[in-house]
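These notes concern the structure reproduced below.
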Amino acid sequence: MVSSDQRRRQLAREKFERQQQRREEARRRTRRLTVVIASVVAVAAIVGVGSYLALDGDGKKDKSDAAASPSPSPSASESSAPEPALKIDKKAKYTMSLKTSQGDIAFTMDAAKTPHTTNSFKSLADKGFFDGTKCHRLTTQGIFVLQCGDPKGDGTGGPGYTIPDENLTALGKAGKDGTVTYPAGTVAMANTGQAHTGGSQFFLVYKDSKLPPTYTPFGTMDDASLKAVKDIGAAGVAGGAPDGAPKKAVNISKAAVDKS
């Protein structure tokens with residue numbers, strides 16, 4: 001006869017196996033980042049961190065190599081649709097406000113520096129694209145980011161089009177390790193590891209993080225928003241890993257972009 005303790009252990013083991021199976025299936029579906037993994041691992045070696053979990057996909061990388069990548073390579077349908085027509089005031093600043101289950105998060109976007117990104121986010125927010133989505137990935141080791149903007153919530157979703165990279169020189173020249181510092185408070189675009197493949201996924205930097213200068217930095221959080229994201233980061237990842245779904249679930253109920 002199976003005891004209650006044995007039954008609990010069995011259920012826990014079966015749950016773990018199901019999670020592993022889902023993650024493996026996600027790996028097969030999604031192309032992952034090569035450049036960031038290589039760069040971040042190099043940085044990790046310098047600072048004594050064993051490994052990092054990186055941001056995005058890359059068609060040159062074997063799909064089984066990058067479980068960490070929160071963002072997908074765009075599918076044919078995602079990259080074939082045109083981006084929204086530019087309708088914003090290119091001389092203005094805009095604020096994106098997110099109402100989340102962990103408090104309000106807001107950041108300012110400078111349309112003069114990132115017109116395509118700002119315009120895309122306003123277009124998507126106006127359509128309610130981000131409403132009801134969640135921030136699906138938190139990284140707490142090596143790089144310190146909370147990633148959001150995926151309508152599927154599993155790192156494989158996008159808006160059906162891509163936008164060009166912008167403002168890539170804003171953070172300075174890359175060092176010998178090929179990285180620049182994305183300061184705490186920065187909001188940047190996720191991509192596939194190839195140029196001009198941004199979609200709707202973005203990441204919020206809650207602690208200075210070294211990354212290659214290939215991710216469009218397009219927003220800056222205010223102090224209250226940065227504190228909210230830091231609190232999410234401090235709570236860690238569900239299950240205690242350094243990368244994965246945040247322990248404090250971050251559900252976005254409403255997103256809006258308004259002229260500042």
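So you can find residues: chains in the structure tokens are A, B, ... in the order shown, residues in each start at 1, and ligands are numbered from 1 in order.
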Quick one: residues within 6 Å of A:Lys254, only C-alpha atoms, excluding same-chain residues fewer than 3 positions away - as number ranges by chain?
A: 98-99, 131
Expected file contents, prior selection, N, CA and C atoms, as a PDB file, in the first residue's frame:
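In the end it all went to out.pdb:
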```pdb
ATOM      1  N   LEU A  98       1.711  50.291 -17.636  1.00  0.00           N
ATOM      2  CA  LEU A  98       1.232  48.919 -17.490  1.00  0.00           C
ATOM      3  C   LEU A  98       0.595  48.748 -16.119  1.00  0.00           C
ATOM      4  N   LYS A  99      -0.643  48.335 -16.098  1.00  0.00           N
ATOM      5  CA  LYS A  99      -1.282  47.976 -14.836  1.00  0.00           C
ATOM      6  C   LYS A  99      -1.075  46.477 -14.644  1.00  0.00           C
ATOM      7  N   ASP A 131      -3.040  43.674 -23.226  1.00  0.00           N
ATOM      8  CA  ASP A 131      -4.004  43.443 -22.147  1.00  0.00           C
ATOM      9  C   ASP A 131      -4.232  41.940 -21.963  1.00  0.00           C
TER      10      ASP A 131
END
```
Which residues of stretch 188-249 of chain A sit at most 6 Å from stretch 104-126 of chain A, using only C-alpha atoms? Give each one's shortest atom pair and distance in Å (one decimal place), in chain and ascending residue order, as JSON lines.
```
{"residue": "A:Phe218", "atom": "CA", "partner": "A:Met109", "partner_atom": "CA", "distance": 5.8}
{"residue": "A:Gly219", "atom": "CA", "partner": "A:Met109", "partner_atom": "CA", "distance": 4.6}
{"residue": "A:Thr220", "atom": "CA", "partner": "A:Phe107", "partner_atom": "CA", "distance": 5.0}
{"residue": "A:Met221", "atom": "CA", "partner": "A:Phe107", "partner_atom": "CA", "distance": 4.1}
{"residue": "A:Ser225", "atom": "CA", "partner": "A:Ile105", "partner_atom": "CA", "distance": 4.6}
```
Of the listed residues A:Pro217, A:Thr140, A:Gly157, A:Lys152, that which approaches A:Lys230 most closely, counting only C-alpha atoms:
A:Thr140
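Distance check against A:Ser260 using only C-alpha atoms: of A:Asp208, A:Asp223, A:Asp89, A:Glu83, the minimum falls on A:Asp89.
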Across A:Asp177, A:Ser101, A:Tyr161, A:Ala238, the smallest distance to A:Gly132, with only C-alpha atoms counted, is shown by A:Ser101
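One finds atom CA of A:Ala188 at 18.7 Å from atom CA of A:Thr100.
Computed from the coordinates, the atom CA of A:Gly158 to atom CA of A:Gly233 distance equals 24.1 Å.
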